[in-house]
Amino acid sequence: MPTYLEQAQKRAEEYRAANAAVIKKAEDESRGLTADELTSVTETGVKLDGELRAIKFNVDEAVRAKAVADLAVSTTDSNGGELDEGGSSAAGEGGEGGAVRSASSTSPRDPGHYRAAKERGPGHSWYTDHFRAHHMGDTNAIKRLTEYDTFSGVRAVTQASGGVGTVQPKWLIEEFAALARAQRVVANLVRQVPLGDDPRALNMGRQTVGVDANITNQTTEGVNNGGWGADRFTTADDTLTPVARAVWQDISRQFLVAGNPATDTLVTEDIAAAWNAAVESYVCATIAAGATDSGVIFANEAAFSSIASGVSAALNGVITAQGAVAADKRGQADITVMNARRFTDFRKLRDTTGRALMPVERYAPQNASGAMGNSLVGDAEGTSAYLSFGFDNTTYPEKYYTARGQAIYLAESNKYDFQYDQIVGPAAVRMGTFGYVGAMVRFAAEVQFMTVTAAT
């Protein structure tokens with residue numbers, strides 16, 4: 001078994017075991033997953049999914065490579081010599097014997113079989129060789145086509161449909177640098193509602209009026225109060241409507257065939273990363289649209305950073321927002337989420353002795369393989385503070401949010417990875433992902449925003 005497959009399978013087993021241990025611990029303690037545990041399980045699941053895809057694509061590529069190798073063997077004699085036009089060995093007594101030669105080399109060169117006539121002189125027709133190979137079983141035609149395909153598979157890629165540039169050799173694939181994208185941070189903190197394969201809208205009941213007014217002191221001995229029997233219980237519905245989201249990319253077949261087997265995985269992981277970044281931005285936009293104004297407003301960055309008599313204006317603002325969340329009576333605020341600029345400015349807050357007022361007390365979850373992700377978690381007056389690139393990081397006024405995470409809902413279906421051949425012709429392969437996603441701020445009073453109006 002190739003080493004990379006053994007390593008991928010080992011990592012996949014480690015990820016499975018790590019998630020199983022976290023879930024078992026929660027089950028043994030008869031509780032749900034904590035925020036940190038949910039983050040750990042989710043991020044490990046993403047990595048496990050990537051490893052499983054890598055295993056599948058690498059196995060498929062190994063099967064294709066075996067078929068090509070078998071074809072190469074069929075064009076050589078038992079001593080590794082080439083077959084001449086009559087099918088006899090071209091490696092005589094003094095010829096090169098030994099092992100069967102590979103169909104490719106470390107320095108592929110155009111064999112010149114199908115160059116223009118003025119360049120090559122008498123030669124062969126590519127179309128004629130295809131006819132002779134497929135309909136007459138001509139081994140020499142098969143050999144010429146194989147040699148040409150081997151060369152054409154590693155030359156520079158010029159198709160505009162994807163993968164433009166020179167295909168990297170295998171040893172560089174491991175150093176391939178993926179595009180930097182936002183991770184799923186806030187999307188993993190909120191209430192998760194799995195849709196499975198059913199994308200229908202969710203109608204969730206809500207009680208709007210209770211029987212509180214019926215609880216009164218008895219006014220007359222032996223006589224029921226009139227209000228005790230009044231029908232006061234009232235309900236309504238909150239509706240979360242998922243929408244279909246999809247992404248696909250046409251990839252040059254030359255890019256896929258000429259590259260390392262990991263190329264397929266690079267493409268699908270890029271699509272998965274794009275999906276996660278889009279979901280993160282979608283949840284953050286939902287929060288921004290559904291939050292309630294806490295009344296905490298800083299005219300500029302100096303006002304945000306001010307510390308008077310040892311009291312931080314920024315942290316006092318978080319406390320004010322926490323009080324507004326608690327006033328809704330459903331629970332206390334547990335998260336404060338913001339863009340990179342605000343998170344950085346919170347970390348810079350210092351008391352008179354230089355100690356951080358919002359220390360980063362928790363780092364990314366760890367397992368046997370090391371840290372998972374690179375999220376830093378600060379502590380803002382008892383709430384976990386998170387940085388998310390799903391929030392606008394460029395303009396003012398700038399908002400950031402203190403909330404009870406369970407007041408925000410994210411509904412997400414199973415995702416479907418697909419690959420189609422020749423949708424746009426034989427030169428490209430279409431690969432993509434399809435799924436449903438929906439988000440909602442169900443309790444607006446439990447998501448409070450604070451504002452920095454301007455930079456100066």
# chains A, B, ... in the order shown; residues from 1 in each chain; ligands from 1
call {"tool": "residues_around", "arguments": {"residues": "region 207-214 of chain A", "least_positions_apart": "5", "cutoff": "6 Å", "atoms": "only C-alpha atoms", "output": "MDAnalysis selection string"}}
result
chainID A and resid 227:228 232:235
call {"tool": "residues_around", "arguments": {"residues": "region 399-414 of chain A", "least_positions_apart": "5", "cutoff": "6 Å", "atoms": "only C-alpha atoms", "output": "ChimeraX atom specification"}}
result
/A:190-197,333-338,435-443,446-451
call {"tool": "closest_residue", "arguments": {"among": "A:Val41, A:Asp379, A:Val424, A:Ala54", "to": "Ala26 (chain A)", "atoms": "only C-alpha atoms"}}
result
A:Val41
call {"tool": "closest_residue", "arguments": {"among": "A:Val267, A:Val311, A:Val223, A:Leu240", "to": "Asn203 (chain A)", "atoms": "only C-alpha atoms"}}
result
A:Leu240
call {"tool": "residues_around", "arguments": {"residues": "Ala428 (chain A)", "least_positions_apart": "5", "cutoff": "8 Å", "atoms": "only C-alpha atoms", "output": "ChimeraX atom specification"}}
result
/A:161,250-254,421-423
call {"tool": "atom_distance", "arguments": {"atom1": "CA of Ala455 (chain A)", "atom2": "CA of Tyr396 (chain A)"}}
result
7.2 Å
call {"tool": "closest_residue", "arguments": {"among": "A:Glu381, A:Asp237, A:Glu147, A:Glu43", "to": "Ala273 (chain A)", "atoms": "only C-alpha atoms"}}
result
A:Glu43
call {"tool": "select_by_dssp", "arguments": {"residues": "region 155-340 of chain A", "states": "strand (DSSP E)", "output": "ChimeraX atom specification"}}
result
/A:191-196,202-209,234-240,243-252,292-298,307-308,311-312,335-338
call {"tool": "select_by_dssp", "arguments": {"residues": "region 223-276 of chain A", "states": "helix (DSSP H, G or I)", "output": "list in words"}}
result
Gly226, Gly227, Trp228, Gly229, Arg253, Gln254, Phe255, Leu256, Val257, Ala258, Ala262, Thr263, Asp264, Thr265, Leu266, Val267, Thr268, Glu269, Asp270, Ile271, Ala272, Ala273, Ala274, Trp275 and Asn276 of chain A
